[in-house]
Each structure stands twice: as C-alpha cells, then as structure tokens.
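**Q** My structure is stored as structure-v6.txt, with compact mmCIF, C-alpha atoms.
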```txt
# COMPACT_ATOMS: atom_id res chain seq x y z
CA MET A 732 75.02 133.08 219.42
CA LYS A 733 74.09 129.47 218.76
CA THR A 734 75.63 127.07 216.23
CA GLN A 735 73.27 124.42 214.84
CA LYS A 736 73.58 121.75 212.15
CA PHE A 737 70.76 120.83 209.76
CA ASP A 738 70.19 117.98 207.33
CA ILE A 739 69.16 119.28 203.89
CA THR A 740 67.15 117.27 201.35
CA GLY A 741 66.42 117.91 197.68
CA MET A 742 69.84 119.29 196.66
CA THR A 743 71.10 118.01 193.31
CA CYS A 744 73.93 120.37 192.32
CA SER A 745 76.15 123.19 193.55
CA ALA A 746 73.54 125.73 192.41
CA CYS A 747 71.13 124.27 194.98
CA SER A 748 73.58 124.61 197.88
CA ALA A 749 74.55 128.12 196.75
CA ARG A 750 70.88 129.20 196.60
CA ILE A 751 70.16 127.90 200.11
CA GLU A 752 73.32 129.47 201.53
CA LYS A 753 72.50 132.83 199.94
CA ASN A 754 68.91 132.90 201.26
CA ILE A 755 69.96 131.85 204.77
CA ASN A 756 72.81 134.38 204.98
CA LYS A 757 70.54 137.30 204.06
CA THR A 758 68.06 136.40 206.82
CA ASP A 759 68.04 138.71 209.86
CA GLY A 760 69.81 137.17 212.86
CA ILE A 761 72.14 134.95 210.82
CA GLN A 762 75.84 135.50 211.42
CA GLU A 763 77.15 132.71 209.18
CA ALA A 764 75.76 129.78 207.18
CA ASN A 765 77.64 127.08 205.28
CA VAL A 766 75.99 124.40 203.12
CA ASN A 767 77.84 121.19 202.29
CA LEU A 768 76.53 119.43 199.16
CA LEU A 769 78.63 116.30 199.78
CA THR A 770 77.12 115.57 203.20
CA ASN A 771 73.73 117.23 202.47
CA SER A 772 74.10 119.32 205.60
CA MET A 773 74.19 122.95 206.71
CA THR A 774 75.88 124.63 209.68
CA VAL A 775 74.33 127.89 210.87
CA LYS A 776 75.52 130.38 213.49
CA TYR A 777 72.65 132.64 214.52
CA ASP A 778 71.20 134.85 217.26
CA GLU A 779 68.74 132.83 219.36
CA SER A 780 66.91 135.99 220.42
CA VAL A 781 65.99 136.74 216.79
CA LEU A 782 65.61 133.30 215.16
CA SER A 783 64.75 129.73 216.06
CA ASP A 784 65.52 126.42 214.34
CA ARG A 785 61.96 126.40 212.98
CA ASP A 786 62.46 129.81 211.33
CA ILE A 787 65.64 128.61 209.59
CA ILE A 788 63.92 125.43 208.40
CA LYS A 789 61.08 127.56 206.98
CA VAL A 790 63.55 129.67 204.97
CA VAL A 791 65.02 126.48 203.46
CA GLU A 792 61.54 125.13 202.68
CA ASP A 793 60.52 128.44 201.08
CA THR A 794 63.60 128.12 198.87
CA GLY A 795 62.22 124.78 197.63
CA TYR A 796 64.13 122.23 199.72
CA GLY A 797 63.70 120.26 202.94
CA ALA A 798 65.52 120.68 206.25
CA SER A 799 65.62 119.17 209.73
CA SER A 800 67.80 119.98 212.73
CA VAL A 801 70.44 117.50 213.87
CA MET A 802 70.62 116.77 217.60
CA GLY A 803 74.08 115.54 218.60
CA LYS A 804 77.00 114.02 216.69
CA LYS A 805 75.96 110.39 217.17
CA ALA A 806 72.45 111.09 215.92
CA GLU A 807 73.92 112.96 212.95
CA VAL A 808 76.21 110.10 211.91
CA SER A 809 73.58 107.36 212.27
CA THR A 810 70.88 109.40 210.52
CA ASN A 811 73.12 110.31 207.58
CA ALA A 812 74.25 106.68 207.16
CA LYS A 813 70.66 105.47 207.13
CA ASP A 814 69.57 108.20 204.70
CA ASP A 815 72.48 107.49 202.32
CA SER A 816 71.72 103.77 202.28
CA SER A 817 67.99 104.24 201.65
CA GLU A 818 68.66 106.82 198.94
CA ILE A 819 71.02 104.48 197.06
CA LYS A 820 68.54 101.58 197.28
CA GLU A 821 65.69 103.80 196.07
CA MET A 822 67.78 105.09 193.16
CA LYS A 823 68.84 101.57 192.17
CA LYS A 824 65.19 100.56 192.01
CA ARG A 825 64.39 103.59 189.83
CA VAL A 826 67.30 102.81 187.48
CA ILE A 827 66.19 99.19 186.98
CA ILE A 828 62.54 100.12 186.31
CA SER A 829 63.57 102.97 183.99
CA LEU A 830 65.85 100.73 181.91
CA ILE A 831 63.25 97.93 181.72
CA PHE A 832 60.86 100.28 179.93
CA ALA A 833 63.29 102.69 178.21
CA VAL A 834 65.29 100.02 176.33
CA PRO A 835 62.32 98.42 174.49
CA LEU A 836 60.88 101.90 173.88
CA PHE A 837 64.11 103.00 172.23
CA TYR A 838 64.19 99.80 170.17
CA ILE A 839 60.63 100.25 168.89
CA SER A 840 60.98 103.97 168.16
CA MET A 841 64.34 103.72 166.37
CA GLY A 842 63.87 100.32 164.75
CA HIS A 843 62.49 101.73 161.47
CA MET A 844 65.48 104.05 161.02
CA LEU A 845 68.11 101.42 161.86
CA ASN A 846 66.42 98.51 160.01
CA TRP A 847 65.98 96.50 163.18
CA PRO A 848 63.42 93.65 163.01
CA LEU A 849 60.04 94.71 164.40
CA PRO A 850 56.65 92.94 164.67
CA GLY A 851 54.25 93.63 161.81
CA ILE A 852 51.86 95.60 164.05
CA PHE A 853 54.43 98.41 164.18
CA HIS A 854 54.71 98.74 160.39
CA GLY A 855 52.60 100.77 157.97
CA THR A 856 50.38 103.82 158.34
CA GLU A 857 47.38 101.62 159.18
CA ASN A 858 49.19 100.63 162.42
CA ALA A 859 50.49 104.13 163.22
CA LEU A 860 48.17 104.53 166.23
CA ILE A 861 49.35 101.22 167.73
CA PHE A 862 52.96 102.27 167.09
CA ALA A 863 52.44 105.64 168.84
CA PHE A 864 50.30 104.43 171.75
CA THR A 865 52.72 101.59 172.57
CA GLN A 866 55.50 104.16 172.95
CA PHE A 867 53.29 106.27 175.19
CA LEU A 868 52.55 103.27 177.46
CA LEU A 869 56.25 102.41 177.72
CA CYS A 870 57.21 106.02 178.49
CA LEU A 871 54.57 106.50 181.20
CA PRO A 872 56.12 104.18 183.87
CA VAL A 873 59.53 105.84 183.42
CA MET A 874 58.00 109.26 184.07
CA ILE A 875 56.00 108.00 187.05
CA VAL A 876 58.92 106.26 188.78
CA ASN A 877 61.05 109.39 188.28
CA ASN A 878 58.35 111.82 189.42
CA LYS A 879 60.84 113.31 191.90
CA TYR A 880 62.34 115.36 189.08
CA TYR A 881 58.96 116.94 188.41
CA LYS A 882 58.11 117.57 192.07
CA VAL A 883 61.44 119.20 192.86
CA GLY A 884 61.99 120.77 189.44
CA PHE A 885 58.67 122.57 189.12
CA LYS A 886 58.63 123.46 192.83
CA THR A 887 61.99 125.24 192.62
CA LEU A 888 61.01 126.79 189.27
CA PHE A 889 57.83 128.33 190.68
CA LYS A 890 59.77 129.62 193.68
CA GLY A 891 62.18 131.43 191.37
CA SER A 892 65.20 129.20 192.04
CA PRO A 893 65.35 126.68 189.15
CA ASN A 894 67.97 123.94 189.22
CA MET A 895 68.98 120.98 187.08
CA ASP A 896 65.77 119.13 187.98
CA SER A 897 63.81 122.05 186.51
CA LEU A 898 65.56 121.60 183.16
CA ILE A 899 64.90 117.85 183.22
CA ALA A 900 61.24 118.35 184.14
CA ILE A 901 60.63 120.99 181.45
CA GLY A 902 62.47 119.08 178.70
CA THR A 903 60.92 115.65 179.29
CA SER A 904 57.45 117.11 179.89
CA ALA A 905 57.62 119.01 176.60
CA ALA A 906 58.71 115.85 174.74
CA ALA A 907 55.94 113.75 176.28
CA ALA A 908 53.30 116.46 175.77
CA TYR A 909 54.19 116.81 172.09
CA GLY A 910 54.02 113.01 171.74
CA VAL A 911 50.46 113.01 173.13
CA TYR A 912 49.57 115.81 170.69
CA ALA A 913 51.02 113.69 167.86
CA ILE A 914 48.81 110.73 168.90
CA TYR A 915 45.72 112.92 168.55
CA LYS A 916 46.89 114.11 165.12
CA ILE A 917 47.50 110.51 164.02
CA GLY A 918 43.98 109.58 165.16
CA TYR A 919 42.54 112.59 163.34
CA GLY A 920 44.48 111.69 160.17
CA LEU A 921 43.26 108.09 160.25
CA GLY A 922 39.68 109.25 160.76
CA HIS A 923 39.86 111.63 157.81
CA MET A 924 42.00 109.35 155.60
CA ASP A 925 44.84 111.87 155.59
CA MET A 926 47.77 109.45 155.33
CA ASP A 927 50.31 112.24 154.86
CA MET A 928 49.39 113.62 158.29
CA VAL A 929 49.54 110.12 159.79
CA MET A 930 52.99 109.48 158.33
CA GLN A 931 54.28 112.91 159.42
CA PHE A 932 53.23 112.65 163.04
CA SER A 933 54.12 108.97 163.43
CA MET A 934 57.71 110.10 162.79
CA ASP A 935 57.38 113.06 165.19
CA LEU A 936 57.01 111.09 168.42
CA TYR A 937 59.49 111.96 171.16
CA PHE A 938 58.49 109.57 173.92
CA GLU A 939 61.83 107.76 173.63
CA SER A 940 63.68 111.05 174.17
CA ALA A 941 61.88 111.67 177.47
CA ALA A 942 62.33 108.09 178.70
CA VAL A 943 65.99 107.74 177.71
CA VAL A 944 66.91 111.13 179.19
CA LEU A 945 65.23 110.21 182.49
CA ALA A 946 66.81 106.74 182.54
CA LEU A 947 70.35 107.97 181.81
CA ILE A 948 70.18 110.86 184.27
CA THR A 949 68.86 108.54 186.97
CA LEU A 950 71.68 106.08 186.21
CA GLY A 951 74.21 108.94 186.52
CA LYS A 952 72.71 110.09 189.80
CA PHE A 953 72.77 106.53 191.12
CA LEU A 954 76.48 106.18 190.34
CA GLU A 955 77.11 109.61 191.88
CA ALA A 956 75.15 108.74 195.04
CA ARG A 957 77.03 105.45 195.41
CA ALA A 958 80.40 107.19 195.05
CA LYS A 959 79.32 109.91 197.46
CA GLY A 960 78.16 107.26 199.92
CA ARG A 961 81.59 105.63 199.87
CA THR A 962 83.24 109.01 200.44
CA SER A 963 80.85 109.75 203.30
CA ASP A 964 81.66 106.38 204.88
CA ALA A 965 85.36 107.26 204.79
CA ILE A 966 84.64 110.63 206.44
CA LYS A 967 82.51 108.96 209.13
CA LYS A 968 85.32 106.49 209.87
CA LEU A 969 87.74 109.41 210.30
CA ILE A 970 85.26 111.10 212.65
CA ASP A 971 85.00 107.90 214.67
CA LEU A 972 88.79 107.93 215.12
CA SER A 973 88.66 111.29 216.90
CA PRO A 974 88.52 111.22 220.72
CA LYS A 975 85.03 111.54 222.22
CA THR A 976 86.27 112.85 225.59
CA ALA A 977 89.04 115.11 226.85
CA LEU A 978 90.93 115.13 230.15
CA VAL A 979 91.01 118.75 231.36
CA GLU A 980 92.32 120.51 234.44
CA ARG A 981 89.94 123.02 236.00
CA ILE A 982 90.56 124.73 239.35
CA GLY A 983 93.32 122.22 240.02
CA ILE A 984 91.11 119.18 239.46
CA GLU A 985 91.46 116.70 236.59
CA MET A 986 88.15 115.74 235.00
CA GLU A 987 87.09 113.88 231.88
CA ILE A 988 84.45 115.70 229.83
CA PRO A 989 82.93 115.38 226.32
CA VAL A 990 84.99 117.22 223.68
CA GLU A 991 81.92 119.39 222.94
CA ASP A 992 82.21 120.87 226.45
CA VAL A 993 85.84 122.00 226.04
CA VAL A 994 86.10 125.80 226.02
CA LYS A 995 88.84 128.19 225.00
CA GLY A 996 91.49 128.44 227.75
CA ASP A 997 91.03 124.93 229.14
CA ILE A 998 94.21 123.03 229.99
CA ILE A 999 94.07 119.66 228.20
CA ILE A 1000 96.09 116.78 229.63
CA VAL A 1001 97.36 114.39 226.94
CA LYS A 1002 98.92 111.22 228.33
CA PRO A 1003 101.48 109.10 226.40
CA GLY A 1004 99.93 107.34 223.38
CA GLN A 1005 96.71 109.36 223.47
CA SER A 1006 95.24 111.42 220.61
CA VAL A 1007 94.85 115.19 220.97
CA PRO A 1008 91.08 115.82 221.30
CA VAL A 1009 91.07 119.51 220.19
CA ASP A 1010 93.33 122.04 218.51
CA GLY A 1011 95.79 123.78 220.80
CA LYS A 1012 99.45 124.41 221.60
CA ILE A 1013 101.76 122.73 224.09
CA VAL A 1014 102.00 124.80 227.27
CA PHE A 1015 104.34 122.59 229.31
CA GLY A 1016 105.63 119.02 229.64
CA ASN A 1017 106.38 116.38 227.04
CA SER A 1018 104.53 113.31 225.86
CA SER A 1019 104.12 110.80 223.02
CA ILE A 1020 101.21 111.84 220.84
CA ASP A 1021 99.19 109.76 218.38
CA GLU A 1022 99.29 111.70 215.07
CA SER A 1023 97.92 108.88 212.88
CA MET A 1024 94.89 110.89 211.81
CA LEU A 1025 97.11 113.66 210.41
CA THR A 1026 100.23 111.89 209.12
CA GLY A 1027 99.29 108.21 208.92
CA GLU A 1028 102.17 107.40 211.26
CA SER A 1029 101.04 104.48 213.42
CA MET A 1030 103.65 105.02 216.17
CA PRO A 1031 103.20 107.84 218.75
CA VAL A 1032 105.49 110.85 218.18
CA GLU A 1033 107.44 112.55 220.98
CA LYS A 1034 106.35 116.17 221.57
CA LYS A 1035 107.54 118.77 224.06
```
Translate this structure into structure tokens?
**A**
Amino acid sequence: MKTQKFDITGMTCSACSARIEKNINKTDGIQEANVNLLTNSMTVKYDESVLSDRDIIKVVEDTGYGASSVMGKKAEVSTNAKDDSSEIKEMKKRVIISLIFAVPLFYISMGHMLNWPLPGIFHGTENALIFAFTQFLLCLPVMIVNNKYYKVGFKTLFKGSPNMDSLIAIGTSAAAAYGVYAIYKIGYGLGHMDMDMVMQFSMDLYFESAAVVLALITLGKFLEARAKGRTSDAIKKLIDLSPKTALVERIGIEMEIPVEDVVKGDIIIVKPGQSVPVDGKIVFGNSSIDESMLTGESMPVEKK
C-alpha cells in the first residue's frame, strides 16, 4: 500500500470535496481517501499494483476538478503558499474590475426607480435602446472577468456533479440571456412604433442582477480566500515547528534520520530540551521534553 498526497483545484464548497472523496473511495484499489477543503489537498492510500498516481488524477479530472501529486513535504508547503498567494491576488483583481463595472450598472438600471439623477440619454422610450445596450456593455466585462464560474460550473453540471458555481453560472447566464432578448424586443418595438413593447422590455432588463451577483460572490470568495490563507499560514508555521529529523537506535547504533523514515518499533532518543518527533510512549529513562506545540508551555517539562 502507498500513501500519496495530491493538490486539488476547482473546489468551492464542501459538496465539491465530498463528491471527489466519494468517487475516489469507490475506485478499485483505493483503501482510503480524505479530501481537505481548507488546504485544497487530498490524501490517498491505495494499492500500487492496481492504481497509479495518474489513474487517481484522472478520476478527479473526470469528476470535474484538477489534481496534481505532491512530492515531499517541503515542496508541498512552498507550492501551497505560492498557490494561495496567487489565488488571492487574482481574486482581488477580479473584485476590483467587477465593482468598477457593476456599481455604475446598478446606478443606471435602478436610477429611474429611486429618482437618482441620470443623463438625458437614459430617459424616455426614444432612448430605450441606448439605455438597454449601455447596461449590456457594462455587464459584459463582469461576466468575462468571472468566466471561471462558467467554466467550472457548466463543466461539473455536464459531468453530473453540480456545485455552487453551477447555480451561479445558470442564474447569471439566464439573466444576461433574457436581457439580450429584451434588447431585440426593444429594437423591434422601435422599428414598428410599438411604444408599449418598448416600455415593457426596457423595464425587464436583468443585466444588473447578473453583474451584482457575480461581483458580490467574488467579493465574498476573496474575503474567504484571504481568511483561509491566514489560517493556512498558521498551520504551516506549526508544521515548521515540528522536528525534521529523529535520533533513533537501530542494532545498537544511534543514527539521525528524517522523520518520514521512522517506522513502528523504532527506539527514539529524546535528549533534554528536544521536541518529540513522532507519537510514542516512554520506554525507559527520563528527560526534559519541549511540549510547546501541544500546551504552549515554553519551558521543557520533566518526563520519565
């Protein structure tokens, strides 16, 4: 049996992690799989004679997400830190662009109802096409910069595992599509001098709904990603506090080895003031042990 960690991309909620975990666990050769939404990672214990890393990655991709194997603890920590930082920067950029276009769009679309001052070109049925097309042009950049929702949402929907992105993609697409239909009806009404139709459909534009929903959800995800990044940093700092090597006694010889190479039954030698590298029980002797990671106590504690 082999235990391997993977980085997972595309997860947005607990339903995503549950779907991946379910599909991996029902794959032949898998003994156990655990997906962590907070760290965007997955740990899999599987039979090497039946499966390979590539096969597991393919199962994740077929579910509608991305995956890559992690080689070593140091690589894992540095890769995750880099990914978290780039994700937060990318989301911040999307939030700024979304708000730049969504705020004036909301103002123009709701100005008539709230008696806000608007330029004359947005008043009257004769300017209905300008009013509608301006909203369409303001909505378009918001949808383009947030195209990730549509890529992931429709991909997971077509694969039979819809998530929150699927709801966002369907809802905002429907609003924008109906807005485009309304523009055509306004143009038809102006061409045939049907002012009742023009008035009706100029009030039935939902471009601001699509843009504001995308902007607010992106803002929420940005705040979530930033908070998650801070939590991940705290976890990484705790990991860095753990010993990287262990002093073991094998066949009467003391040797220092990486903690990953410690096996069940090894005798670990812990000298005064040192941290315990792995879980175990005291077999003989006494020493002062650093328990700061567990209790917060800065001074070594006497154990025997």
**Q** Please identify all polymer residues lying at most 9 Å from the point (56.6, 103.3, 160.2) (file coordinates), using all atoms listed in the file, and present the result as a PyMOL selection string.
**A** chain A and resi 843-844+853-856+858-859+862+930+933-934
**Q** So which residues touch Ile1000 of chain A within 8 Å, counting all atoms listed in the file, skipping near sequence neighbours fewer than 5 positions away, as number ranges by chain?
**A** A: 977-980
**Q** Could you tell me which of A:Ser745, A:Gln735, A:Thr794, A:Ser892 comes closest to Met773 of chain A if we count all atoms listed in the file?
**A**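 Residue with the minimum atom-to-atom distance to Met773 of chain A: A:Gln735.
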**Q** Between atom CA of Met928 of chain A and atom CA of Phe832 of chain A, what is the distance in Å, rounded to a tenth?
**A**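 Atom-to-atom, atom CA of Met928 of chain A to atom CA of Phe832 of chain A, that is 27.9 Å.
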**Q** Would you work out the distance separating atom CA of Pro850 of chain A from atom CA of Val826 of chain A, expressed in Å to one decimal?
**A**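 These two atoms are separated by 27.0 Å.
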